[in-house]
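Note sheet for the following structure.
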Amino acid sequence: MSAAAPDPGPDAGRPVLEVAGLDVDIALRRSAVHAVQDVSLAVAAGETVGIVGESGCGKSTLGLALAGLLPENAVTRGSIRLAGRELTGLAERDLRSVRGAEVGIVFQDPMTSLNPTQRIGDQVGETLRLQRGVSKAAAREAAAEMLDLVGLPRPREQLTRFPHELSGGMRQRAVIAAALICEPRLLIADEPTTALDVTTQAQILELFDRLRQTLGMAMLLITHDMGVVAGHADRVFVMYAGREAETGLTADVFDRPQHRYTAALLESILRMETQRKSALYTIPGRPPDLTAARPGCPFAPRCPAATDECAREFPPAGSDAGHRWHCYHPVPAADSSPEVSEAPR
Amino acid sequence: MIRFLSRRCSQAVIVLLLVSIIVFGLTRLLPGGPARAILGVHATPTNIAAFNRENGLDSPLPAQYWHWLSGVLTGNFGFSYVLNQPVSSLLAQRLPKTAFLAGVSVLLAVLIAVPLGLYQAVRRGRADDYAVTTVTFVLYSTPAFWVALLLIDVLAVRLHVFPAEAPQGSFSAIFSDPGALVLPVATITLVSIAAFSRYIRSSVLDELAQDYVRMARSKGARRRVILTRHVLRNALSPVVTLLGLSLPFILSGTLITEQVFNYPGVGLLAFNAAVAQDYPVLLGVVLVVGIGTVVGSLLADIGYALLDPRVHYAGDAGSAR
Amino acid sequence: MSLENVTAALSGEEHAGQAGAEAAGGRLWLRAFAGNRLAVAGLAVVILLTLFSFIGPLLYHTDQIHTRLSLETLAPGAGRPLGTDNVGYDQLGRLMVGGQTTLEVAFGAAAVAVVLGVLWGSAAGYLGGLVDGLMMRIVDALLAIPALLLLLFLATVFRPTVLILIIVVGLTAWLVPARLVRGEALSLRNREYVLAARTMGVRTPTIIFRHIVTNSIGTILVNATFQVADAILVVAALSFLGLGIAPPATNWGAMLSDGLNYTYSGYWWLTYPPGIAIVLTVVAFNLIGDGLRDAFGLDARRA
């Protein structure tokens with residue numbers, strides 16, 4: 001079943017996921033965090049979009065919002081359309097039939113994502129039982145197939161094992177299997193490899209690429225790692241302070257970064273790769289406090305090119321054939337040295 | 001699992017030995033030693049010397065301990081000169097009653113506290129959570145004997161619903177008058193619910209914050225499924241260990257309750273023995289209750305191991321529980 | 001021993017402590033604590049009751065030595081806001097005197113328990129191996145005997161005074177802090193700075209104090225707070241069993257249990273004031289303990 005080519009369906013060609021003007025506010029005791037502001041993006045079937053940003057930039061909140069998993073104190077505005085169907089404003093009961101069935105999520109830490117007291121087989125097959133009401137035996141059967149697909153050795157033996165009996169990489173494969181068992185249209189992977197060692201990271205990312213192609217899913221890869229995006233995303237969406245900073249084809253953004261923040265991010269991996277300096281390059285300053293709504297470009301306080309203009313109003317979008325950025329002082333062409341323009345692999 | 005069991009059992013044996021040494025040591029703590037303990041406060045020094053000779057109490061301590069321990073192991077807990085009965089037969093009469101009282105109360109407390117704690121956790125921060133938390137907090141901070149006497153004041157004295165005195169006589173007499181059991185059971189249950197539900201509430205809250213709960217939500221599980229299939233088991237397995245560990249606490253509460261309601265269990269036996277300075281009986285109760293607690297917490301640990309698969313792999317004593 | 005403590009005991013061995021709390025160090029916890037309204041209210045209640053008990057008698061003079069049977073069980077009225085008790089003591093003044101012993105014993109016993117427990121637990125956890133095994137089995141064995149039974153025995157041997165009560169209650173209560181601190185020590189002993197200290201030849205007692213105890217301070221402080229609450233209840237229970245302090249000295253537990261003999265006579269002022277004082281104090285200490293636990297970021301199931 002899993003190897004079958006995906007049915008293009010009536011809305012073939014239409015993006016699986018369309019997000020327009022999405023805002024997420026999280027209410028705290030006295031204030032509110034504007035975790036996501038005015039985010040618009042689209043992901044087509046078989047495509048991977050990488051969402052990149054520092055921790056606290058709202059990328060995980062965005063992922064949770066798309067899966068309808070936000071905590072109760074969160075308010076969402078804007079539009080999230082999955083295969084043409086509007087998800088915002090949907091009742092919890094309807095959202096439940098979307099989660100797992102149409103949207104799968106893989107979280108960061110495979111050590112804690114699995115229930116420690118339940119067998120792998122039951123956890124992987126659970127979505128099928130919940131969404132399709134299949135029998136326990138059938139769910140196990142499907143789980144075994146799925147575990148095979150994600151590359152777990154001796155899948156049948158794994159069914160009766162407990163999470164603590166598996167290594168980190170194997171656990172993450174099991175989590176992926178659980179997220180994919182209903183063959184969702186969209187897979188959201190939130191820092192799926194951050195908790196894993198380097199070799200396993202590469203394996204898991206390759207697995208994602210393979211599964212995306214076999215299952216024809218749309219995929220949202222949330223990460224802080226530009227290197228991961230470079231190798232595995234078709235398009236990239238750079239987020240800063242809950243907002244879009246820059247987005248476009250990965251090649252375009254890496255070749256000709258326009259936003260100063262993107263350039264800084266690229267600079268940081270470049271320095272790491274070439275080891276030009278022994279010290280790790282970091283962007284000076286800290287990400288802004290998202291409780292305080294201030295006008296202007298949120299990156300301005302850390303930006304070397306910032307002027308007074310930057311503090312006044314959020315920069316309007318500049319664009320060039322699907323490449324879009326929000327910066328008053330885009331990186332001039334000469335500034336992108338040949339080294340930077342090489343997208344590191 | 002086998003390794004865990006064998007290690008845990010050998011630990012329990014060591015603990016039991018230590019309990020016996022402690023109880024043996026307590027007899028030495030008495031002014032005048034065990035002879036005074038056994039013969040009572042009015043024994044003369046000559047009596048004591050004679051008694052010591054007769055019972056090998058002038059031999060070295062290890063020998064005395066061995067002599068005492070082999071007696072205990074064959075069911076000889078000594079003789080109560082106050083009640084004129086072997087301690088073992090006193091214990092045999094009283095123990096089942098205390099076990100029954102404590103058992104029923106704890107069972108009830110768990111049956112009420114688990115859903116209550118779960119409910120509170122789910123309703124966290126809402127008015128009803130606060131209300132229950134406040135009541136349990138106050139109950140938890142109230143001396144058990146006052147709870148008992150308030151119950152008596154309202155339900156026995158004013159409303160005449162239940163008698164204030166527990167059923168007397170043999171074990172079967174307990175069942176002949178179940179109404180008289182209500183207040184003693186209610187006292188221990190109330191005090192234990194207060195403590196248990198607090199623990200269960202925070203345990204469930206802890207589990208609800210875990211990633212696997214979010215994972216279950218992302219599969220489209222409804223809240224009830226998440227609670228029953230995922231959270232409950234993880235939140236309750238430590239409760240089993242908690243039960244084992246809280247045995248001494250529950251028995252302390254039972255001692256008070258037995259005293260208030262004149263319930264003829266080991267608690268009342270120990271209390272009366274303390275008043276009459278009837279040390280063989282008092283120490284017999286200490287020993288038996290100590291053994292019961294060790295065995296109880298061993299059983300609880302085994303139960304926990306059965307509930308939580310992670311224990312199979314636990315390497316050292318630390319992570320085993 | 002209360003369940004708060006029992007649940008704590010669970011953890012001592014579980015997951016080898018929560019030494020992560022050290023990260024919350026500095027003065028951050030103080031601010032977090034100050035932001036917890038319930039905990040601050042608890043602290044206020046404790047301060048008020050302490051002032052009431054120790055400063056109160058300086059402002060409100062009553063004879064708490066000589067019984068005056070002619071004045072027994074008078075209802076509250078002018079000059080005696082809470083009436084008199086069954087031997088003619090002014091009840092409000094008695095509440096102050098009783099409060100003194102109650103708080104002295106509670107703080108004293110908690111101090112004894114915590115000091116003993118910290119010494120024992122940090123040594124066991126730091127030394128590890130067989131020594132640790134034996135030390136912790138001793139704790140298990142003592143923990144197996146209900147504290148009240150042990151106290152019953154000890155109270156028949158020693159005539160209870162404030163000092164004896166402090167020692168006796170403290171001696172039955174140190175087991176839980178011992179377990180907790182041992183758990184901390186187990187996880188701290190392999191930290192780099194401890195290993196570094198060991199390599200440099202720092203003496204074991206110094207390492208235990210400087211690194212193990214200091215870094216477990218959150219756990220210790222939280223448990224100490226719960227110990228005070230526990231001690232008040234234990235002393236009340238002992239008084240009820242007739243093993244409390246001898247008159248004319250008294251404590252709230254003794255006042256409450258004495259008063260309970262008159263429940264059916266309608267002398268409410270004999271029971272409710274001391275009873276409420278006990279509940280109020282215990283609730284206050286538990287609130288403070290909860291607040292500290294949250295402020296230190298400790299796990300509710302463990303601290």
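Starting from 1 in every chain, residues are counted up; chains themselves are A, B, ... following the order of the structure tokens, and ligands are numbered from 1 as listed.
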(Q) Residues of chain A were defined as contacting chain B if any atom lay at most 7 Å from it, counting only C-alpha atoms; please report them as an NGL selection string. (A) :A and (69 or 96-97 or 99-100 or 104-105 or 112-115 or 117 or 127 or 130 or 164)
(Q) Please return, as a VMD selection string, all residues of range 166-269 of chain B that DSSP assigns to helix (DSSP H, G or I) on the basis of the backbone. (A) chain B and resid 173 to 176 178 to 208 211 to 218 223 to 245 247 to 261 266 to 269
(Q) For Ala32 in chain C, find every residue with an atom within 12 Å (counting only C-alpha atoms), except residues of its own chain fewer than 2 positions away, and show them as a list in words. (A)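 Contacts, in chain order: Ala24, Gly25, Gly26, Arg27, Leu28, Trp29, Leu30, Ala34, Gly35, Asn36, Arg37, Ala39, Val40, Asp290, Gly291, Leu292, Arg293, Asp294, Ala295, Phe296 and Gly297 of chain C.
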Q. Which polymer residues have any atom within 8 Å of an atom of range 272-277 of chain C, counting only C-alpha atoms, with same-chain residues fewer than 2 positions away left out, as a list of chain:residue names?
A.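 That gives B:Thr142, B:Trp146, C:Leu95, C:Trp252, C:Gly253, C:Met255, C:Leu256, C:Trp268, C:Trp269, C:Leu270, C:Val279, C:Leu280, C:Thr281.
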Requested write-out: C-alpha atoms of the selected residues, as an mmCIF file, in the first residue's frame:
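For reference, again_38.cif as written:
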```cif
data_model
loop_
_atom_site.group_PDB
_atom_site.id
_atom_site.type_symbol
_atom_site.label_atom_id
_atom_site.label_comp_id
_atom_site.auth_asym_id
_atom_site.auth_seq_id
_atom_site.Cartn_x
_atom_site.Cartn_y
_atom_site.Cartn_z
ATOM 1 C CA THR B 142 -5.506 18.821 59.687
ATOM 2 C CA TRP B 146 -9.416 16.152 64.763
ATOM 3 C CA LEU C 95 -2.631 30.026 72.448
ATOM 4 C CA TRP C 252 -1.502 23.667 70.139
ATOM 5 C CA GLY C 253 -1.811 19.919 69.677
ATOM 6 C CA MET C 255 -4.702 22.236 73.673
ATOM 7 C CA LEU C 256 -6.723 20.767 70.837
ATOM 8 C CA TRP C 268 -16.092 25.484 70.995
ATOM 9 C CA TRP C 269 -13.424 27.955 72.079
ATOM 10 C CA LEU C 270 -11.397 25.104 73.537
ATOM 11 C CA VAL C 279 -4.277 23.886 60.261
ATOM 12 C CA LEU C 280 -3.312 27.451 59.372
ATOM 13 C CA THR C 281 0.343 26.915 60.213
#
```
Q.
For range 188-201 of chain B, find every residue with an atom within 6 Å (counting only C-alpha atoms), except residues of its own chain fewer than 2 positions away, and show them as a list of chain:residue names.
A. B:Ser105, B:Ala109, B:Ala113, B:Gly117, B:Leu118, B:Ala121, B:Thr136, B:Tyr140, B:Val185, B:Ala186, B:Ser203, B:Val204, C:Leu3
Give me the residues near Gly71 in chain B as a compact mmCIF listing (two decimals) with N, CA and C atoms, in the first residue's frame, where near means some atom within 12 Å (using only C-alpha atoms) and where sequence neighbours in that chain fewer than 5 positions away do not count.
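Final output, part.txt:
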```txt
# COMPACT_ATOMS: atom_id res chain seq x y z
N SER B 20 14.99 -6.07 62.49
CA SER B 20 15.05 -6.90 63.69
C SER B 20 16.15 -6.40 64.64
N GLN B 64 22.74 -13.12 72.46
CA GLN B 64 21.38 -12.78 72.87
C GLN B 64 20.50 -12.48 71.67
N TYR B 65 21.09 -11.75 70.70
CA TYR B 65 20.33 -11.39 69.50
C TYR B 65 19.90 -12.64 68.76
N TRP B 66 20.86 -13.57 68.64
CA TRP B 66 20.57 -14.81 67.92
C TRP B 66 19.46 -15.59 68.63
N ASN B 76 7.82 -16.99 68.32
CA ASN B 76 7.83 -16.66 69.74
C ASN B 76 8.21 -15.19 69.92
N PHE B 77 7.21 -14.36 70.11
CA PHE B 77 7.45 -12.93 70.25
C PHE B 77 7.54 -12.50 71.70
N GLY B 78 7.57 -13.47 72.62
CA GLY B 78 7.63 -13.10 74.02
C GLY B 78 6.26 -13.23 74.68
N PHE B 79 6.20 -12.79 75.93
CA PHE B 79 4.99 -12.98 76.71
C PHE B 79 4.62 -11.67 77.38
N VAL B 87 2.57 -12.85 73.26
CA VAL B 87 2.44 -11.73 72.34
C VAL B 87 1.94 -12.22 70.98
N SER B 88 2.43 -13.40 70.58
CA SER B 88 2.05 -13.89 69.25
C SER B 88 0.53 -14.08 69.14
N GLY B 284 6.68 -6.09 69.94
CA GLY B 284 6.12 -7.08 69.01
C GLY B 284 5.38 -6.38 67.89
```
Q: Write out as a ChimeraX atom specification each polymer residue whose atoms come within 10 Å of Pro298 in chain A, counting only C-alpha atoms; drop sequence neighbours fewer than 4 positions from it.
A: /A:240-243,245,287-290,293-294,302-303,310-311,313-315
(Q) Residues of range 20-259 of chain C classed as strand (DSSP E or B) by DSSP on the backbone are to be reported as a list in words. (A)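 Answer for range 20-259 of chain C restricted to strand (DSSP E or B) is Gly77, Arg80, Thr84 and Asp90 of chain C.
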